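Participant: Just passing along the structure, written as structure tokens.
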Amino acid sequence: MSTDTKPDIAIDRSVGDFSYDVNYEYDAGVGLTDKTIDYIADVKNDPDWIREFRHDAYRKFLDKPMPTHWATKDLDNIIFEKIRYYLSQGTQPKRSWDDVPEEMKLTFERLGIPEQERKFLAGVEAQFDSEAAYSNIKAAVGEQGVIFCGSTEGLHKHPEIFKKWFGKVIPTGDNKFSALNSAVFSGGSFIYVPPGVKVKHPLQAYFRINAENFGQFERTLIIADEGSEVMYMEGCTAPKFETSTLHSAVVELVAMKGAKIQYVTVQNWSPNVFNLVTKRGIAHEEAEIKWIDCNIGSRLTMKYPGVVMKGRKARGEVISIALAGDGQHQDTGAKMIHAADETTSNIVSKSISVGTGRSTYRGMVHVPKHLKGCKNNTECDALLINSHSRTDTYPSITVRGQGNACQHEASVSQISEEQIFYMQQRGISEGAAMSLAVNGFVNDLVQQFPMEYSVELKRLIDLEMEGSVG
Amino acid sequence: MSTLLTQPSLSMESTWPEWFQQEQAKAHADYEAMPVPTRKDEAWRFSSIAAIDLTEFTPAPAVESEGKLINLSQGQDQFSAKLVFGNNALLHQDTERLPAGVILKPLEVAARENEELFRKYFMSQPVELGSHRYAALHKARLGTGALLYVPANVEVALPIEIFHWVEGDRASIFPHTLIICGENSKVTVLDYFKSADDKRAFSCGVNDLHLARGAQLQYVAVQDWSREALAFQINSTIVERDATSTALTVNFGGEFVRGESLSRLAGEGSRSVMLSLNPMDGKRMLDQRTLQDHAAPNASSDLLYLNALEDTSRTIFAGLIKVQEHAHKTDAYQKVRNLMLSDDAEANSMPGLEILADDVRCTHGATAGEINEEELFYLEARGIPQNVGRRLIVNGFFQTLLERLDNEPLREYLGKLVSARLKVPF
């Protein structure tokens, strides 16, 4: 198949591409200084230790260089002085959609959130720029003692749990962007699941950027106590602006003995968003943390969800799908730190590069000294659609001592001409055949997503094959 | 006493032509101007930068045991030519049986007698894998080395053997092997790197292989430095259309050894096979960086590196398959396997891919594992003690790699070298 007859693949992004004029009550202005941080702390009525935490993080942010010695130089295009760091209409989320301001409600209705909540979710939080506009949990789930609220509310109402784990999984100075988040964080979810409670339905958060030149810095902390189970799902969209937008979240998960956390992300930011996210979980004895991550949108995503397996027989898993279209760079991967005997981890990553898109897998697997029975399996498959598409794989695997097994495999291929030919012979157009082949490539991973999301995913990876066959 | 850090003076005693001496002075200035690498450089990630302290080394004096070293320079029974170098000087030359037109001579002689050839190929490939600084030092301090030129359509049936010896405490040497294979020529070369004693020494070597259209080269480097040695070996291999290069590096010795291997698939239908076999023990450290650079369509490359790690040894493998934009129909493979034999050993693997063309097949893999208990049990059940059984299994692990060589006597010879190194009793 010659390159010039290859069909274009267009991704349906129209769903999130709209914005409303909103009169923000609180606006920290443009740029970042100690004053910005005090403004945020004042508006949010932060306790003193959080205010200090923010200022300390701000200094670390200034000290840390951009990681461009290994990461893309595109990071240099983020102009921190031109970003708005805090915009909200108040810090109290509403418990009923009727109380949510009209333009925000319209936004979330267009994105289908209230409808999904009625259908299958145990709780929903909807964040609009810096703060949650809506946060609610089903009564039955709340009665089991499950806490699901925004990070600010968690901090004020449940300080005994919040303070114990906040910033413990991801230290402020972990990287430049985790430091930035720690300085100006606002929004995100706080979840606590009491021992033995299995939350049947997923909890969902929806992150929406509405304003131009805005930076969203949500902070999520999820604690699953002994033997509990929870699934959390997040979705994100933003309108397409000419200028760039920054999204830099920090997500910390703690799975106590025997607990299970599944964290599902479907990222569909508009192609002007820099999405630089730090996500990590600690899995205690026999606990399991699973990141299911799908990156379709954004201009540049850098995200390497990690699991520190701290207790015996803990398990970590990352399932990742990335689709890089024209002008996009999906730099994703996983980090697996084995810190106890008999811990196991699994990474499966599939990426598709279309047009001038570039997808990168970056991974780290670490098995320190004197551990026994640790196992890691890593598989990365990349599919290249057009002749200008690009893919990279940069894993790093350190194994100390014997008695452990690590294996890494990666492959790069294009859609088999034979497959396409076979389908065309049976009357399927080249475009439809390509679409089927791409869907087949990711299908086994898509099935790992919860039902409702896999449907949405298929819609998102709705690859329209046009201009096929010259 | 002069150390490696002092600027060598232009001297009447130098055997190099004056123009090259001037280039050497410039190389020394470059060396001094370049920053010392740090672990933060991607090309030096995980490496033991602290081990690289060159202040203790001095330029090697002439060897004392010349006759002994020449006698010890024994490789395969049958060979077509032999060169022996010791402490940056030629000790022995046996080149009479080479086919007509084949050039095998010390570099500084070639620089005068075959200036055009020398200028065209000598260190013509820029260093891309991190050791620019040490390549500059190599050039600045270069005393001698081997230049081999095989003219078009000439086949050298028996292997050519080259020995590089270092002798004396804190001595430093700069071995160099430059191989130029003309169109459709065929040759096998063995390059030996050996210590005359168990002293601490420094070697900073370069070996460059150039294969013109249709050429076939088998190149084997057997590194057997003392366990105290610090060594760099910087390689580049340029493979033109339809040519095939097979290069094997065996690392037996050295306290800190850094090897950089670049294979550029420069012509359509070219092929490069990159192999390395590394029994690691004691506190030895091996840092290997490779690049399979596909610059032309329809080329293939195949890399297999095997490490077996005993005691507190450490390995780093950082490999990259790079497929340039127009290099369609590339078939590239890269695999590193680490056999962990001790609780204190450490293996770091960074197998990388950068693919800019879509019609390719590229695969890589990295594994770290231990000896299969069932295999050990099987041997024990047949009366083979565990410690012997372990060595047999490690030996078997390495012998599978030698099967990639299609030269039967060479395969057997190297098989024996490996078995002897592992002290396999039968």
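Each chain in the structure tokens gets a letter, A, B and so on, in the order shown; residues start at 1 in every chain, and ligands are counted from 1 in the order they appear.
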Do a neighbour search on A:Ser320 at 12 Å with only C-alpha atoms, toss out local chain neighbours closer than 5 positions, and write the hits as JSON, numbers by chain.

Facilitator: {"A": [263, 264, 265, 266, 267, 290, 291, 292, 293, 294, 295, 296, 303, 304, 305, 330, 331, 332, 333, 334, 346, 347, 348, 349, 350, 351, 352, 359, 360, 361, 362, 363, 378, 379, 380, 381, 382, 442, 444, 445, 446, 448, 449]}

Participant: Show me which bits of chain B are within 7 Å of chain A, counting only C-alpha atoms, as a PyMOL selection string.

Facilitator: chain B and resi 42+340-370

Participant: As a ChimeraX atom specification, list the residues of stretch 198-385 of chain B assigned to strand (DSSP E) by DSSP on the backbone atoms of this structure.

Facilitator: /B:201-211,216-224,230-239,244-251,256-265,271-280,285-294,300-309,314-323,330-340,346-355,360-369

Participant: To one decimal place, how far is atom CA of B:Leu275 from atom CA of B:His326 in Å?

Facilitator: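 Atom CA of B:Leu275 sits 26.4 Å away from atom CA of B:His326.
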
Participant: Name the closest residue to B:Val127 among the candidates B:Ala299, B:Ala43, B:Val273, B:Leu379; distances are taken between atoms, counting only C-alpha atoms.

Facilitator: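 That would be B:Ala43, the residue with the smallest distance to B:Val127.
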
Participant: Calculate how many Å separate atom CA of A:Ser454 from atom CA of A:Ile337, rounding to one decimal.

Facilitator: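 Calculated distance between atom CA of A:Ser454 and atom CA of A:Ile337 is 28.9 Å.
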
Participant: Can you tell me, as an mmCIF file with C-alpha atoms, in the first residue's frame, what residues are no more than 10 Å from B:Phe20 when counting only C-alpha atoms, ignoring any on the same chain fewer than 4 positions away?

Facilitator:
```
data_model
loop_
_atom_site.group_PDB
_atom_site.id
_atom_site.type_symbol
_atom_site.label_atom_id
_atom_site.label_comp_id
_atom_site.auth_asym_id
_atom_site.auth_seq_id
_atom_site.Cartn_x
_atom_site.Cartn_y
_atom_site.Cartn_z
ATOM 1 C CA THR B 15 56.063 8.656 14.335
ATOM 2 C CA TRP B 16 53.047 10.528 13.023
ATOM 3 C CA GLN B 24 46.215 15.434 17.875
ATOM 4 C CA ALA B 25 47.010 18.708 19.626
ATOM 5 C CA LYS B 26 43.561 19.984 18.659
ATOM 6 C CA GLU B 108 51.064 5.705 11.551
ATOM 7 C CA ALA B 111 49.032 7.707 7.489
ATOM 8 C CA ARG B 112 52.169 8.325 5.395
ATOM 9 C CA ARG B 119 42.148 10.567 5.791
ATOM 10 C CA LYS B 139 42.949 10.587 19.148
ATOM 11 C CA ALA B 140 45.210 12.929 21.103
#
```

Participant: Please return, as an MDAnalysis selection string, all residues of stretch 366-455 of chain A that DSSP assigns to alpha helix (DSSP H) on the basis of the backbone.

Facilitator: chainID A and resid 417:425 430:446 451:455

Participant: May I ask which of the residues A:Phe190, A:Tyr232, A:Phe177, A:Tyr422 is the closest one to A:Ile289, counting only C-alpha atoms?

Facilitator: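 Ranked by minimum distance to A:Ile289, first place goes to A:Tyr232.
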
Participant: Write out as a list in words the residues lying within 9 Å of B:Leu107, counting only C-alpha atoms and excluding same-chain residues fewer than 6 positions away.

Facilitator: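 In the requested format, the answer is Trp16, Phe118, Gly143, Thr144, Gly145, Ala146, Leu147, His176, Thr177 and Leu178 of chain B.
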
Participant: For N, CA and C atoms, I'd like the residues from the last selection saved as a PDB file, in the first residue's frame.

Facilitator:
```pdb
ATOM      1  N   TRP B  16      54.132  10.032  13.862  1.00  0.00           N
ATOM      2  CA  TRP B  16      53.047  10.528  13.023  1.00  0.00           C
ATOM      3  C   TRP B  16      53.511  11.649  12.118  1.00  0.00           C
ATOM      4  N   PHE B 118      43.636   6.761   4.679  1.00  0.00           N
ATOM      5  CA  PHE B 118      43.640   7.098   6.100  1.00  0.00           C
ATOM      6  C   PHE B 118      42.746   8.304   6.363  1.00  0.00           C
ATOM      7  N   GLY B 143      49.107   6.209  19.592  1.00  0.00           N
ATOM      8  CA  GLY B 143      50.484   5.906  19.224  1.00  0.00           C
ATOM      9  C   GLY B 143      50.532   5.092  17.945  1.00  0.00           C
ATOM     10  N   THR B 144      49.750   4.009  17.935  1.00  0.00           N
ATOM     11  CA  THR B 144      49.704   3.170  16.753  1.00  0.00           C
ATOM     12  C   THR B 144      48.382   2.417  16.747  1.00  0.00           C
ATOM     13  N   GLY B 145      48.261   1.455  15.854  1.00  0.00           N
ATOM     14  CA  GLY B 145      47.030   0.695  15.726  1.00  0.00           C
ATOM     15  C   GLY B 145      47.080  -0.031  14.407  1.00  0.00           C
ATOM     16  N   ALA B 146      45.992  -0.726  14.093  1.00  0.00           N
ATOM     17  CA  ALA B 146      46.002  -1.516  12.863  1.00  0.00           C
ATOM     18  C   ALA B 146      45.080  -0.903  11.825  1.00  0.00           C
ATOM     19  N   LEU B 147      45.573  -0.850  10.580  1.00  0.00           N
ATOM     20  CA  LEU B 147      44.707  -0.497   9.470  1.00  0.00           C
ATOM     21  C   LEU B 147      44.656  -1.688   8.528  1.00  0.00           C
ATOM     22  N   HIS B 176      43.686   0.807  18.519  1.00  0.00           N
ATOM     23  CA  HIS B 176      42.848   1.265  17.404  1.00  0.00           C
ATOM     24  C   HIS B 176      42.861   0.212  16.299  1.00  0.00           C
ATOM     25  N   THR B 177      41.681  -0.147  15.835  1.00  0.00           N
ATOM     26  CA  THR B 177      41.578  -1.054  14.696  1.00  0.00           C
ATOM     27  C   THR B 177      40.640  -0.422  13.675  1.00  0.00           C
ATOM     28  N   LEU B 178      41.162  -0.216  12.476  1.00  0.00           N
ATOM     29  CA  LEU B 178      40.361   0.383  11.410  1.00  0.00           C
ATOM     30  C   LEU B 178      40.290  -0.635  10.271  1.00  0.00           C
TER      31      LEU B 178
END
```

Participant: Need the shell around B:Asp281: protein/DNA/RNA residues with any atom at most 10 Å away, counting only C-alpha atoms. Skip same-chain ones fewer than 5 positions apart. Format as a PyMOL selection string?

Facilitator: chain B and resi 227+252-253+255+308-314+341-342+345
